[in-house]
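Written out below as structure tokens is the structure these notes cover.
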Amino acid sequence: MSILRCDVQDALEPYMSRRTVELHWGKHHQDYVDGLNKQLATSPLYGHTLEELIKEAYNNGNPLPEYNNAAQVWNHHFFWESMQPEGGGSPEGGVLQQIEKDFGSFTNFREEFIRSASQLLGSGWVWLVLKRTEKKLAVLHTRNAISPLAFGDIVCLLDPFLKMFNIFSINFAMTSHVLFLQPIISLDLWEHAYYLDYKDDRRSYVTNFIDHLVSWHTVTLRMMRAESFVNLGEPTIPVA
Ligand SMILES: [Fe+2]
């Protein structure tokens, strides 16, 4: 179900221990997969892709029983692939340029990512997303199993809902628009992700993720994919 194999469960040490990976990937992630498969055996939603299933089961903010497991399976898979051994540091090339354009500097982005994670009370996720309509990167956090994918095709009337439940850390000034959010990085902020290694020190967990684990290689590939449907650059006028 994931790219991690049993012989590489210590690949992220010392920043994420083998014990944490065994528990997190081997039990929690597996439980979401098993739970979803059990639900789909008798569900009319069987046959969708996982991405379609998340949007269908989110049901415009009235989640169906399948939503939690479906979103958590996708969120976790995306999370594992957001990391690599000897990751972290600063990105290069186009990714760095885009971050500097949208956050002012890589340092600003790093601080905003850590701050957003710290501001989430309880379980959830912190994300780097591409706001497709604005063509900008943004950091946000979501509660529990909420995935930015769920909002890809939802229009209007959602902003009061989002504010009411404080799902996002970002402030939506508009009251009616389509939320096309393309995930680029996800970081699990449920206690099972860090408690064995960091106890209640979530800030150190998040800081080590950015400084030592995040895979800028994966981010580069995800940004290249995003650019296939979002023109992030200035219009180029050919010189005659
Ligand atoms: Fe998790």
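Ordered as shown in the structure tokens, chains take letters A, B, and onward, while each chain numbers its residues from 1 and ligands are numbered from 1 in the order shown.
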
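Near ligand 1, at distances of 8 Å or less and with only C-alpha atoms and all ligand atoms counted, sit the residues His24, Trp25, His28, His29, Gln72, His76, Asp188, Leu189, Trp190, Glu191, His192 and Ala193 of chain A.
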
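For the atom pair formed by atom CA of A:Asn59 and atom CA of A:Phe151, the distance is 10.1 Å, given to one decimal.
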
>> I need the helix (DSSP H, G or I) residues of chain A per DSSP on the backbone, written as a ChimeraX atom specification.
In response: /A:6-8,18-40,50-61,67-80,93-103,106-119,148-151,158-165,191-193,195-198,202-213,216-226

Keeping C-alpha atoms for every residue in the selection just given, could you write it to a file as a short mmCIF file (atom, residue, chain, number, x, y, z; two decimals), in the first residue's frame?
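Resulting contents of selection.cif:
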data_model
loop_
_atom_site.label_atom_id
_atom_site.label_comp_id
_atom_site.auth_asym_id
_atom_site.auth_seq_id
_atom_site.Cartn_x
_atom_site.Cartn_y
_atom_site.Cartn_z
CA CYS A 6 9.81 -3.74 5.67
CA ASP A 7 13.59 -3.52 5.19
CA VAL A 8 13.64 0.27 5.06
CA ARG A 18 11.78 2.53 13.19
CA ARG A 19 9.32 2.12 16.08
CA THR A 20 7.27 5.06 14.85
CA VAL A 21 7.26 3.85 11.24
CA GLU A 22 6.32 0.33 12.31
CA LEU A 23 3.42 1.65 14.39
CA HIS A 24 2.34 4.42 12.05
CA TRP A 25 2.71 2.73 8.68
CA GLY A 26 2.34 -0.84 9.85
CA LYS A 27 -0.71 -0.40 12.08
CA HIS A 28 -2.47 2.98 11.77
CA HIS A 29 -2.17 3.33 7.99
CA GLN A 30 -2.97 -0.35 7.55
CA ASP A 31 -6.08 0.02 9.74
CA TYR A 32 -7.40 2.77 7.46
CA VAL A 33 -6.79 0.55 4.39
CA ASP A 34 -8.48 -2.44 5.99
CA GLY A 35 -11.38 -0.34 7.25
CA LEU A 36 -11.97 1.19 3.82
CA ASN A 37 -11.84 -2.17 2.06
CA LYS A 38 -14.39 -3.52 4.52
CA GLN A 39 -16.70 -0.55 3.94
CA LEU A 40 -16.39 -0.70 0.15
CA LEU A 50 -9.49 6.98 -4.37
CA GLU A 51 -9.46 10.67 -5.32
CA GLU A 52 -13.03 10.47 -6.65
CA LEU A 53 -14.08 8.54 -3.57
CA ILE A 54 -12.77 11.29 -1.26
CA LYS A 55 -14.75 13.97 -3.10
CA GLU A 56 -17.91 11.85 -3.30
CA ALA A 57 -17.74 10.73 0.32
CA TYR A 58 -17.03 14.25 1.58
CA ASN A 59 -20.56 14.95 0.35
CA ASN A 60 -20.37 18.75 0.42
CA GLY A 61 -19.40 18.88 4.07
CA TYR A 67 -14.90 9.51 4.02
CA ASN A 68 -12.64 9.19 7.04
CA ASN A 69 -10.89 5.99 5.94
CA ALA A 70 -10.65 7.08 2.28
CA ALA A 71 -9.09 10.44 3.11
CA GLN A 72 -6.73 8.95 5.67
CA VAL A 73 -5.50 6.32 3.22
CA TRP A 74 -4.74 9.01 0.63
CA ASN A 75 -3.32 11.50 3.16
CA HIS A 76 -0.94 8.89 4.57
CA HIS A 77 0.25 7.66 1.19
CA PHE A 78 0.93 11.26 0.18
CA PHE A 79 2.72 11.84 3.51
CA TRP A 80 5.10 8.87 3.15
CA GLY A 93 15.61 25.74 -9.08
CA GLY A 94 12.00 26.39 -9.95
CA VAL A 95 10.59 25.16 -6.64
CA LEU A 96 12.79 27.58 -4.71
CA GLN A 97 11.85 30.40 -7.06
CA GLN A 98 8.15 29.70 -6.61
CA ILE A 99 8.49 29.58 -2.82
CA GLU A 100 10.43 32.87 -2.80
CA LYS A 101 7.81 34.43 -5.06
CA ASP A 102 4.87 33.35 -2.90
CA PHE A 103 6.35 33.57 0.62
CA PHE A 106 12.44 30.13 1.98
CA THR A 107 12.92 31.17 5.62
CA ASN A 108 9.46 32.74 5.62
CA PHE A 109 7.93 29.56 4.18
CA ARG A 110 9.72 27.40 6.76
CA GLU A 111 8.49 29.57 9.62
CA GLU A 112 4.93 29.66 8.28
CA PHE A 113 4.85 25.86 7.90
CA ILE A 114 6.05 25.39 11.49
CA ARG A 115 3.69 28.08 12.81
CA SER A 116 0.66 26.59 11.04
CA ALA A 117 1.41 23.17 12.51
CA SER A 118 1.77 24.68 15.97
CA GLN A 119 -1.55 26.50 15.70
CA PRO A 148 -7.64 19.52 0.48
CA LEU A 149 -8.69 17.13 -2.27
CA ALA A 150 -12.22 17.18 -0.88
CA PHE A 151 -12.60 20.81 -1.87
CA LEU A 158 -18.33 26.63 1.85
CA ASP A 159 -16.51 29.54 3.39
CA PRO A 160 -18.95 29.99 6.30
CA PHE A 161 -18.63 26.27 6.92
CA LEU A 162 -14.85 26.41 6.85
CA LYS A 163 -14.73 29.38 9.21
CA MET A 164 -17.27 27.86 11.58
CA PHE A 165 -15.21 24.75 12.08
CA GLU A 191 -0.12 12.10 17.94
CA HIS A 192 0.57 8.61 16.58
CA ALA A 193 2.92 10.26 14.06
CA TYR A 195 4.56 10.79 20.20
CA LEU A 196 7.02 7.87 20.44
CA ASP A 197 9.89 10.06 19.24
CA TYR A 198 8.99 13.54 20.46
CA ARG A 202 5.16 18.75 18.11
CA ARG A 203 7.32 21.73 17.15
CA SER A 204 10.52 19.66 17.14
CA TYR A 205 8.81 16.98 15.04
CA VAL A 206 7.68 19.56 12.47
CA THR A 207 11.04 21.33 12.47
CA ASN A 208 12.91 18.08 11.86
CA PHE A 209 10.49 17.20 9.06
CA ILE A 210 11.29 20.45 7.23
CA ASP A 211 15.01 20.43 8.02
CA HIS A 212 15.80 16.73 7.53
CA LEU A 213 12.97 14.69 6.01
CA TRP A 216 12.23 18.32 -2.39
CA HIS A 217 12.69 15.79 -5.18
CA THR A 218 9.08 14.67 -4.72
CA VAL A 219 7.96 18.29 -4.44
CA THR A 220 9.69 19.08 -7.73
CA LEU A 221 7.85 16.23 -9.46
CA ARG A 222 4.53 17.28 -7.94
CA MET A 223 5.07 20.89 -9.02
CA MET A 224 5.92 19.72 -12.55
CA ARG A 225 2.67 17.77 -12.60
CA ALA A 226 0.77 20.78 -11.26
#

> By how many Å are atom CA of A:Met16 and atom CA of A:Leu140 apart?
Replying inline: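 Interatomic distance, atom CA of A:Met16 to atom CA of A:Leu140: 22.7 Å.
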
> Running DSSP on the backbone, which parts of stretch 72-133 of chain A land in strand (DSSP E or B), as a PyMOL selection string?
Replying inline: chain A and resi 83+124-131

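Among the candidates A:Leu121, A:Val126, A:Val139, A:Ile184, the residue lying nearest to A:Ser215 is A:Ile184 (atoms considered: only C-alpha atoms).
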